[in-house]
There are 4 protein chains.
Amino acid sequence: MPKTVVGVMGPGSGASETDCARANELGGEIARAGWVLLSGGRDEGVMDAASRGAKREGGLTVGILPSIGATGMSQFIDIPIVTGMGEARNNINVLSSQVVFVCGMGPGTASEAALALKAGRHVVLLEAGAEADRFFTKLDPKKTHVVASVREAVDVARHLLDSPV
Amino acid sequence: MPKTVVGVMGPGSGASETDCARANELGGEIARAGWVLLSGGRDEGVMDAASRGAKREGGLTVGILPSIGATGMSQFIDIPIVTGMGEARNNINVLSSQVVFVCGMGPGTASEAALALKAGRHVVLLEAGAEADRFFTKLDPKKTHVVASVREAVDVARHLLDSPV
Amino acid sequence: MPKTVVGVMGPGSGASETDCARANELGGEIARAGWVLLSGGRDEGVMDAASRGAKREGGLTVGILPSIGATGMSQFIDIPIVTGMGEARNNINVLSSQVVFVCGMGPGTASEAALALKAGRHVVLLEAGAEADRFFTKLDPKKTHVVASVREAVDVARHLLDSPV
Amino acid sequence: MPKTVVGVMGPGSGASETDCARANELGGEIARAGWVLLSGGRDEGVMDAASRGAKREGGLTVGILPSIGATGMSQFIDIPIVTGMGEARNNINVLSSQVVFVCGMGPGTASEAALALKAGRHVVLLEAGAEADRFFTKLDPKKTHVVASVREAVDVARHLLDSPV
C-alpha cells in the first residue's frame, strides 16, 4: 500500500517572501497530515521552504531534481530522485502527486499547473495571482481550486483524497 | 548550418474550427518562409492542421510524438520523432523551436507556452483567449507576443529570427 | 542529509526463479543495512521480489514507474514515482542510485547497467551471465563488479559507499 | 507518408579512427539509399562522422541532442532536436529509428543497443567488438545482426526495411 504523496510546486529564485512563508507552513501541515511531500527538490524558494516545513514536523520529503547530480539540492530532501532532464521533470512532479499544491507563480510553476490539469490532477492555487487564478480556472474549472489560506488548501486536499476517484 | 525550426503548438481533439483554420494557414506561411515546421505530431487539431498546411506549400514537417509508436501520427509528418514519454515531450517541442507559435489553448498547450518562456523562447499567441493573453503577458511581457492574425504572427517571428540573440 | 538510496535492476516478466530468489534476499539485506531500495517499481520479476524482501525487513522502497498511472505497480512500493516515459526512465533509476545492483539480465536491464556506467555509477553484477560479465567488465573494468553471492554484493556496496568519492 | 529514418549510434570522444571512418562511409551510404540519418547529434566521434558522410552525399540529418542548447552540436546536422535530458534521450534515438546501426562501442552506445532491442528494433553491429557481439546476440539473437562491412550493414538494413513487419 503506497503512501499518500502530494506535491508542492512554486518558484525557485523568483519566489517572494510570502510565497516561502506559505510554503513553509504548508509543508508542516502536509507532514502533520501524514502525507509525503514531493517537490522539485532544489535549495531555493518554494521547494526549499516547503521541504523545510515538512522536516520540522517530522515528515518525509522527496525531491525530483532537474540536474544530473545533487548540486543545488535542498538540504531538507530525504529521497532525491535525480532525473537529469531539466524542466521535462515537471511532468514527473505532477504525475507522482495525488494532489498538486501551487504556491506562487512563475513560468516553471505554470507548466506544472498546466501539466497537472492535463494529467487529470487537482490543482490547489495559493498566492498564484489574479491572472493565474482566472486562467487556470478557465482551463479546467472542476480541477482548479483557488484557496485563500494554507488551512483551506489542506482542507480541500483532504476532501479530494478522501473522495472516491 | 542547421535549418530554422519553428514550432506550432495548440490543442488536439479540443481544437476549434477557427484554431485549425488558423493553424493550417500558419503552416502554409511557415513553409513559404523556408522554415521547418515542428509540432506535437498527432493526427488531431492544430498539430495536424498546421502540418497539412506546411505540406501543401512544399514544406518540411517534424512531429515530436508522445507515444511509443507511430499510432495516431498525422499523415502530414515527414520526420517522426518517437519519444514514448507523453507530455514530458512538450519540453522537447519548445527547446527545439526557435520561435513558438501558440494557436488556441488547452492544458497541454498551456504547458508548452510556459515551458517555452521558462527556456527563454519567444511565444507568439494567436487565438489563445483573453485570460491566456493576460496570464502569459504577466509571466513574461518581453517574450510573450499577442497577435491578431497569421500575417502578424509570421512578421513577429521573422523579426525575432533576424535579430541578434 | 539525504538517505542512502541503492538500486536493484533486473528483468520483469523474463526473470528466472533464481533471479527472484536472489533479488528477494538482496532486498532484505538492503533494508537491514538501512538503505532505501529503488527499483523500476513494477509487479513482476526482480523489481517486485527485491521490494518484497525490503518490506519484509521493514525497509523503505521507491519505484520509478514507466507508466502514466499506478497500474502494474508492485504492492511492495512505498513511494511510487510516476514518470510516464517508458524505458527512458531507466536513466532516472541509475542516476538516483548511489550503487546499482543488477540481478539477472535482459535488454532493459542491460540498458540500465550501461547507463549506470555512463553516469559513473558502480555496477554490481549478480547472476548476469558470463557474456554480460565479460561485456560490462570490458566496458568499464573499474566500475563493474562481478559477485557470486548476495553477501558479496552487499559487502562490495558497503565498501563503495564508505569510500570517499 | 513519413520518410525512412535510420539511426547511427556510436561513441563520441571515445571513438577510434576506424569507428569514425566506418561511420563516415555508412552515413554516405544511408544518404544514397534515400534514408534520413538520425544520430545523437554531437560534434564528436561516430555521430559527427556519420552526419558528415550523409551531408557529403546530399542526405538529410537529424540530431537528437542531449543538451539544453545547440552547444556541442555537429555542424552536419540539418534538424537539431533539443531534448535537454542527457542520456535519457538515447531511448528517443532508438524509438525514432526504423533500424539502428551501431558503430564502435562504449557505455552510451551499449545503452542504445539495449534500448533498441527492448523496443523491438533490429540492431546492426559493426566494429562493436567480440564481447559486444556475443552479449547482444545472447540478449536477442533474432534482432541482433553482426556484420563485417558497411556494405553488409546497408544490405541487412535494406532487407529489413523491405520486409513486412
# chains A, B, ... in the order shown; residues from 1 in each chain; ligands from 1
$ residues_around --residues "B:Gly27" --least-positions-apart "4" --cutoff "9 Å" --atoms "only C-alpha atoms" --output "count of residues only"
16
$ select_by_dssp --residues "chain D" --states "alpha helix (DSSP H)" --output "PyMOL selection string"
chain D and resi 17-32+45-56+90-95+107-118+130-139+150-162
$ interface_residues --of "chain B" --to "chain D" --cutoff "6 Å" --atoms "only C-alpha atoms" --output "PDB file with N, CA and C atoms, in the first residue's frame"
ATOM      1  N   MET B   1      25.238  23.936 -41.094  1.00  0.00           N
ATOM      2  CA  MET B   1      24.313  25.033 -40.730  1.00  0.00           C
ATOM      3  C   MET B   1      22.897  24.482 -40.630  1.00  0.00           C
ATOM      4  N   PRO B   2      22.367  24.418 -39.413  1.00  0.00           N
ATOM      5  CA  PRO B   2      21.030  23.819 -39.275  1.00  0.00           C
ATOM      6  C   PRO B   2      19.946  24.688 -39.901  1.00  0.00           C
ATOM      7  N   LYS B   3      18.859  24.042 -40.252  1.00  0.00           N
ATOM      8  CA  LYS B   3      17.695  24.751 -40.760  1.00  0.00           C
ATOM      9  C   LYS B   3      17.021  25.512 -39.625  1.00  0.00           C
ATOM     10  N   GLN B  75      -0.705  12.256 -40.889  1.00  0.00           N
ATOM     11  CA  GLN B  75      -0.159  11.792 -42.174  1.00  0.00           C
ATOM     12  C   GLN B  75       0.673  12.873 -42.867  1.00  0.00           C
ATOM     13  N   ILE B  77       3.301  14.366 -41.488  1.00  0.00           N
ATOM     14  CA  ILE B  77       4.608  14.449 -40.834  1.00  0.00           C
ATOM     15  C   ILE B  77       5.662  13.762 -41.701  1.00  0.00           C
ATOM     16  N   ASP B  78       6.731  14.489 -42.010  1.00  0.00           N
ATOM     17  CA  ASP B  78       7.844  13.894 -42.763  1.00  0.00           C
ATOM     18  C   ASP B  78       8.781  13.117 -41.846  1.00  0.00           C
ATOM     19  N   ILE B  79       9.104  13.715 -40.722  1.00  0.00           N
ATOM     20  CA  ILE B  79      10.099  13.134 -39.818  1.00  0.00           C
ATOM     21  C   ILE B  79       9.482  12.952 -38.442  1.00  0.00           C
ATOM     22  N   ILE B  81       9.586  11.955 -34.699  1.00  0.00           N
ATOM     23  CA  ILE B  81      10.494  11.709 -33.577  1.00  0.00           C
ATOM     24  C   ILE B  81       9.636  11.053 -32.497  1.00  0.00           C
ATOM     25  N   VAL B  82       9.966   9.804 -32.204  1.00  0.00           N
ATOM     26  CA  VAL B  82       9.137   8.993 -31.319  1.00  0.00           C
ATOM     27  C   VAL B  82       9.735   9.042 -29.918  1.00  0.00           C
ATOM     28  N   THR B  83       9.021   9.683 -28.990  1.00  0.00           N
ATOM     29  CA  THR B  83       9.614   9.874 -27.664  1.00  0.00           C
ATOM     30  C   THR B  83       9.131   8.855 -26.634  1.00  0.00           C
ATOM     31  N   ILE B  92      10.629  19.150 -25.099  1.00  0.00           N
ATOM     32  CA  ILE B  92      11.429  18.985 -26.320  1.00  0.00           C
ATOM     33  C   ILE B  92      10.853  19.835 -27.445  1.00  0.00           C
ATOM     34  N   LEU B  95      12.065  23.431 -26.699  1.00  0.00           N
ATOM     35  CA  LEU B  95      13.524  23.601 -26.766  1.00  0.00           C
ATOM     36  C   LEU B  95      14.016  23.519 -28.213  1.00  0.00           C
ATOM     37  N   SER B  96      13.323  22.744 -29.040  1.00  0.00           N
ATOM     38  CA  SER B  96      13.754  22.535 -30.424  1.00  0.00           C
ATOM     39  C   SER B  96      13.237  23.606 -31.379  1.00  0.00           C
TER      40      SER B  96
END
$ atom_distance --atom1 "atom CA of A:Glu29" --atom2 "atom CA of A:Gln98"
15.9 Å
$ atom_distance --atom1 "atom CA of B:Thr109" --atom2 "atom CA of B:Pro11"
6.1 Å
$ residues_around --residues "stretch 99-107 of chain B" --least-positions-apart "6" --cutoff "9 Å" --atoms "only C-alpha atoms" --output "short mmCIF file (atom, residue, chain, number, x, y, z; two decimals) with N, CA and C atoms, in the first residue's frame"
data_model
loop_
_atom_site.label_atom_id
_atom_site.label_comp_id
_atom_site.auth_asym_id
_atom_site.auth_seq_id
_atom_site.Cartn_x
_atom_site.Cartn_y
_atom_site.Cartn_z
N ALA A 113 1.35 23.45 -13.22
CA ALA A 113 -0.10 23.52 -13.04
C ALA A 113 -0.80 23.03 -14.30
N ALA A 114 -0.28 23.42 -15.46
CA ALA A 114 -0.91 23.02 -16.72
C ALA A 114 -0.75 21.51 -16.96
N LEU A 115 0.44 20.99 -16.71
CA LEU A 115 0.66 19.54 -16.88
C LEU A 115 -0.20 18.75 -15.90
N ALA A 116 -0.40 19.28 -14.70
CA ALA A 116 -1.24 18.60 -13.72
C ALA A 116 -2.67 18.50 -14.24
N LEU A 117 -3.19 19.59 -14.75
CA LEU A 117 -4.56 19.56 -15.28
C LEU A 117 -4.64 18.61 -16.48
N LYS A 118 -3.62 18.65 -17.34
CA LYS A 118 -3.59 17.75 -18.49
C LYS A 118 -3.67 16.29 -18.05
N ALA A 119 -3.00 15.99 -16.93
CA ALA A 119 -2.97 14.61 -16.42
C ALA A 119 -4.17 14.29 -15.53
N PHE A 136 -6.25 29.47 -15.04
CA PHE A 136 -6.36 28.02 -14.78
C PHE A 136 -7.82 27.61 -14.50
N LEU A 139 -9.19 27.15 -17.84
CA LEU A 139 -8.70 25.91 -18.46
C LEU A 139 -9.46 24.69 -17.95
N ASP A 140 -9.67 24.65 -16.64
CA ASP A 140 -10.36 23.49 -16.06
C ASP A 140 -11.02 23.88 -14.73
N VAL B 5 14.01 26.06 -37.42
CA VAL B 5 12.86 25.25 -37.00
C VAL B 5 11.97 26.10 -36.10
N VAL B 6 10.69 26.15 -36.44
CA VAL B 6 9.73 26.86 -35.59
C VAL B 6 8.62 25.89 -35.19
N GLY B 7 8.06 26.11 -34.02
CA GLY B 7 7.04 25.20 -33.51
C GLY B 7 5.65 25.79 -33.58
N VAL B 8 4.68 24.94 -33.85
CA VAL B 8 3.28 25.34 -33.75
C VAL B 8 2.60 24.42 -32.73
N MET B 9 2.15 25.03 -31.64
CA MET B 9 1.54 24.29 -30.55
C MET B 9 0.06 24.66 -30.47
N GLY B 10 -0.76 23.73 -30.07
CA GLY B 10 -2.18 24.02 -29.91
C GLY B 10 -2.92 22.75 -29.54
N PRO B 11 -4.20 22.89 -29.26
CA PRO B 11 -4.97 21.73 -28.80
C PRO B 11 -5.07 20.64 -29.86
N GLY B 12 -5.25 19.41 -29.40
CA GLY B 12 -5.52 18.28 -30.28
C GLY B 12 -7.01 18.15 -30.50
N GLY B 14 -9.38 18.99 -28.72
CA GLY B 14 -10.16 20.12 -28.24
C GLY B 14 -10.07 21.37 -29.10
N ALA B 15 -9.39 21.30 -30.22
CA ALA B 15 -9.21 22.49 -31.06
C ALA B 15 -10.54 22.89 -31.71
N SER B 16 -10.75 24.19 -31.83
CA SER B 16 -11.95 24.69 -32.52
C SER B 16 -11.68 24.74 -34.03
N THR B 18 -11.90 27.32 -35.84
CA THR B 18 -11.08 28.52 -36.09
C THR B 18 -9.61 28.24 -35.80
N ASP B 19 -9.34 27.56 -34.68
CA ASP B 19 -7.95 27.19 -34.35
C ASP B 19 -7.32 26.44 -35.53
N CYS B 20 -8.04 25.48 -36.05
CA CYS B 20 -7.49 24.64 -37.12
C CYS B 20 -7.30 25.42 -38.41
N ARG B 22 -6.71 28.63 -38.66
CA ARG B 22 -5.54 29.49 -38.47
C ARG B 22 -4.24 28.68 -38.52
N ALA B 23 -4.27 27.51 -37.93
CA ALA B 23 -3.07 26.67 -37.90
C ALA B 23 -2.70 26.22 -39.32
N VAL B 46 -4.71 21.22 -34.00
CA VAL B 46 -3.76 22.22 -34.50
C VAL B 46 -2.51 21.56 -35.09
N ASN B 93 9.54 19.87 -27.53
CA ASN B 93 8.90 20.69 -28.57
C ASN B 93 9.40 22.13 -28.53
N ALA B 113 3.50 26.69 -23.71
CA ALA B 113 3.78 28.13 -23.65
C ALA B 113 4.63 28.46 -22.42
N ALA B 116 8.15 27.12 -22.78
CA ALA B 116 8.88 27.95 -23.74
C ALA B 116 9.42 29.20 -23.05
N ARG B 121 12.39 31.07 -24.72
CA ARG B 121 11.88 31.19 -26.08
C ARG B 121 10.81 32.27 -26.17
N HIS B 122 10.72 32.91 -27.33
CA HIS B 122 9.62 33.83 -27.59
C HIS B 122 8.38 33.04 -27.95
N VAL B 123 7.25 33.49 -27.43
CA VAL B 123 5.97 32.83 -27.64
C VAL B 123 5.02 33.79 -28.35
N VAL B 124 4.46 33.35 -29.46
CA VAL B 124 3.53 34.16 -30.23
C VAL B 124 2.14 33.56 -30.07
N LEU B 125 1.25 34.32 -29.41
CA LEU B 125 -0.09 33.80 -29.08
C LEU B 125 -1.12 34.25 -30.11
N LEU B 126 -1.83 33.30 -30.68
CA LEU B 126 -2.87 33.56 -31.69
C LEU B 126 -4.11 32.79 -31.26
N GLU B 127 -5.20 33.50 -31.06
CA GLU B 127 -6.46 32.84 -30.67
C GLU B 127 -6.35 32.10 -29.33
N ALA B 128 -5.51 32.61 -28.43
CA ALA B 128 -5.33 31.90 -27.16
C ALA B 128 -6.40 32.29 -26.14
N GLY B 129 -7.10 33.39 -26.38
CA GLY B 129 -8.14 33.82 -25.45
C GLY B 129 -7.62 34.89 -24.50
N ALA B 132 -5.62 33.80 -21.30
CA ALA B 132 -4.27 33.34 -21.62
C ALA B 132 -3.38 34.52 -22.00
N ALA B 153 1.61 37.20 -36.94
CA ALA B 153 2.40 36.17 -36.25
C ALA B 153 3.71 35.90 -36.99
N ALA B 157 7.64 36.72 -35.91
CA ALA B 157 8.65 35.66 -35.88
C ALA B 157 9.83 36.01 -36.78
N LEU B 160 11.99 38.43 -35.04
CA LEU B 160 12.74 37.81 -33.94
C LEU B 160 13.90 36.97 -34.47
N LEU B 161 13.65 36.22 -35.54
CA LEU B 161 14.69 35.33 -36.09
C LEU B 161 15.81 36.14 -36.73
#
$ atom_distance --atom1 "atom CA of A:Ala88" --atom2 "atom CA of C:Pro66"
14.8 Å
$ select_by_dssp --residues "chain D" --states "strand (DSSP E)" --output "PyMOL selection string"
chain D and resi 5-9+36-39+61-65+79-82+99-103+122-126+144-147
$ write_last_selection --atoms "N, CA and C atoms" --output "mmCIF file, in the first residue's frame"
data_model
loop_
_atom_site.group_PDB
_atom_site.id
_atom_site.type_symbol
_atom_site.label_atom_id
_atom_site.label_comp_id
_atom_site.auth_asym_id
_atom_site.auth_seq_id
_atom_site.Cartn_x
_atom_site.Cartn_y
_atom_site.Cartn_z
ATOM 1 N N VAL D 5 13.645 6.706 -41.581
ATOM 2 C CA VAL D 5 14.682 7.241 -40.691
ATOM 3 C C VAL D 5 15.463 6.074 -40.094
ATOM 4 N N VAL D 6 16.779 6.116 -40.228
ATOM 5 C CA VAL D 6 17.624 5.089 -39.608
ATOM 6 C C VAL D 6 18.633 5.779 -38.691
ATOM 7 N N GLY D 7 19.015 5.091 -37.631
ATOM 8 C CA GLY D 7 19.912 5.684 -36.653
ATOM 9 C C GLY D 7 21.321 5.129 -36.746
ATOM 10 N N VAL D 8 22.284 5.983 -36.489
ATOM 11 C CA VAL D 8 23.672 5.527 -36.355
ATOM 12 C C VAL D 8 24.157 5.933 -34.962
ATOM 13 N N MET D 9 24.463 4.917 -34.160
ATOM 14 C CA MET D 9 24.890 5.142 -32.790
ATOM 15 C C MET D 9 26.348 4.718 -32.653
ATOM 16 N N VAL D 36 16.774 9.097 -44.120
ATOM 17 C CA VAL D 36 17.191 10.168 -43.222
ATOM 18 C C VAL D 36 18.107 9.569 -42.162
ATOM 19 N N LEU D 37 19.222 10.236 -41.891
ATOM 20 C CA LEU D 37 20.154 9.749 -40.873
ATOM 21 C C LEU D 37 19.900 10.444 -39.539
ATOM 22 N N LEU D 38 19.642 9.645 -38.526
ATOM 23 C CA LEU D 38 19.430 10.164 -37.168
ATOM 24 C C LEU D 38 20.608 9.751 -36.294
ATOM 25 N N SER D 39 21.087 10.700 -35.476
ATOM 26 C CA SER D 39 22.181 10.377 -34.554
ATOM 27 C C SER D 39 22.005 11.189 -33.290
ATOM 28 N N THR D 61 19.936 15.098 -42.289
ATOM 29 C CA THR D 61 20.415 14.604 -40.993
ATOM 30 C C THR D 61 19.632 15.212 -39.831
ATOM 31 N N VAL D 62 19.320 14.351 -38.872
ATOM 32 C CA VAL D 62 18.629 14.762 -37.651
ATOM 33 C C VAL D 62 19.549 14.443 -36.478
ATOM 34 N N GLY D 63 19.663 15.364 -35.539
ATOM 35 C CA GLY D 63 20.487 15.133 -34.342
ATOM 36 C C GLY D 63 19.635 15.284 -33.091
ATOM 37 N N ILE D 64 19.616 14.241 -32.277
ATOM 38 C CA ILE D 64 18.842 14.282 -31.019
ATOM 39 C C ILE D 64 19.809 14.680 -29.910
ATOM 40 N N LEU D 65 19.826 15.953 -29.589
ATOM 41 C CA LEU D 65 20.855 16.487 -28.697
ATOM 42 C C LEU D 65 20.534 16.249 -27.226
ATOM 43 N N ILE D 79 18.590 19.146 -38.807
ATOM 44 C CA ILE D 79 17.454 19.350 -37.911
ATOM 45 C C ILE D 79 17.849 18.939 -36.499
ATOM 46 N N PRO D 80 18.155 19.928 -35.664
ATOM 47 C CA PRO D 80 18.513 19.611 -34.279
ATOM 48 C C PRO D 80 17.241 19.455 -33.432
ATOM 49 N N ILE D 81 17.145 18.338 -32.737
ATOM 50 C CA ILE D 81 16.076 18.144 -31.761
ATOM 51 C C ILE D 81 16.732 18.284 -30.395
ATOM 52 N N VAL D 82 16.335 19.312 -29.675
ATOM 53 C CA VAL D 82 16.998 19.674 -28.425
ATOM 54 C C VAL D 82 16.188 19.081 -27.273
ATOM 55 N N VAL D 99 15.746 1.224 -38.161
ATOM 56 C CA VAL D 99 16.834 0.272 -37.956
ATOM 57 C C VAL D 99 17.921 1.039 -37.206
ATOM 58 N N VAL D 100 18.604 0.366 -36.286
ATOM 59 C CA VAL D 100 19.654 1.013 -35.503
ATOM 60 C C VAL D 100 21.012 0.410 -35.879
ATOM 61 N N PHE D 101 21.856 1.222 -36.487
ATOM 62 C CA PHE D 101 23.236 0.815 -36.746
ATOM 63 C C PHE D 101 24.091 1.197 -35.551
ATOM 64 N N VAL D 102 24.936 0.278 -35.137
ATOM 65 C CA VAL D 102 25.879 0.566 -34.061
ATOM 66 C C VAL D 102 27.281 0.447 -34.628
ATOM 67 N N CYS D 103 28.073 1.480 -34.419
ATOM 68 C CA CYS D 103 29.419 1.539 -34.984
ATOM 69 C C CYS D 103 30.384 1.837 -33.842
ATOM 70 N N HIS D 122 15.582 -3.740 -34.756
ATOM 71 C CA HIS D 122 16.733 -4.514 -35.196
ATOM 72 C C HIS D 122 17.995 -3.680 -35.002
ATOM 73 N N VAL D 123 19.058 -4.349 -34.560
ATOM 74 C CA VAL D 123 20.330 -3.687 -34.288
ATOM 75 C C VAL D 123 21.405 -4.319 -35.170
ATOM 76 N N VAL D 124 22.111 -3.483 -35.909
ATOM 77 C CA VAL D 124 23.175 -3.946 -36.805
ATOM 78 C C VAL D 124 24.505 -3.512 -36.213
ATOM 79 N N LEU D 125 25.310 -4.495 -35.770
ATOM 80 C CA LEU D 125 26.565 -4.207 -35.072
ATOM 81 C C LEU D 125 27.752 -4.251 -36.023
ATOM 82 N N LEU D 126 28.494 -3.143 -36.052
ATOM 83 C CA LEU D 126 29.676 -3.018 -36.902
ATOM 84 C C LEU D 126 30.822 -2.538 -36.018
ATOM 85 N N THR D 144 19.541 -9.064 -33.383
ATOM 86 C CA THR D 144 20.928 -8.613 -33.421
ATOM 87 C C THR D 144 21.605 -9.156 -34.677
ATOM 88 N N HIS D 145 22.225 -8.268 -35.445
ATOM 89 C CA HIS D 145 22.880 -8.648 -36.700
ATOM 90 C C HIS D 145 24.327 -8.172 -36.665
ATOM 91 N N VAL D 146 25.247 -9.119 -36.577
ATOM 92 C CA VAL D 146 26.663 -8.762 -36.577
ATOM 93 C C VAL D 146 27.149 -8.761 -38.025
ATOM 94 N N VAL D 147 27.691 -7.628 -38.464
ATOM 95 C CA VAL D 147 28.145 -7.521 -39.859
ATOM 96 C C VAL D 147 29.621 -7.154 -39.908
#
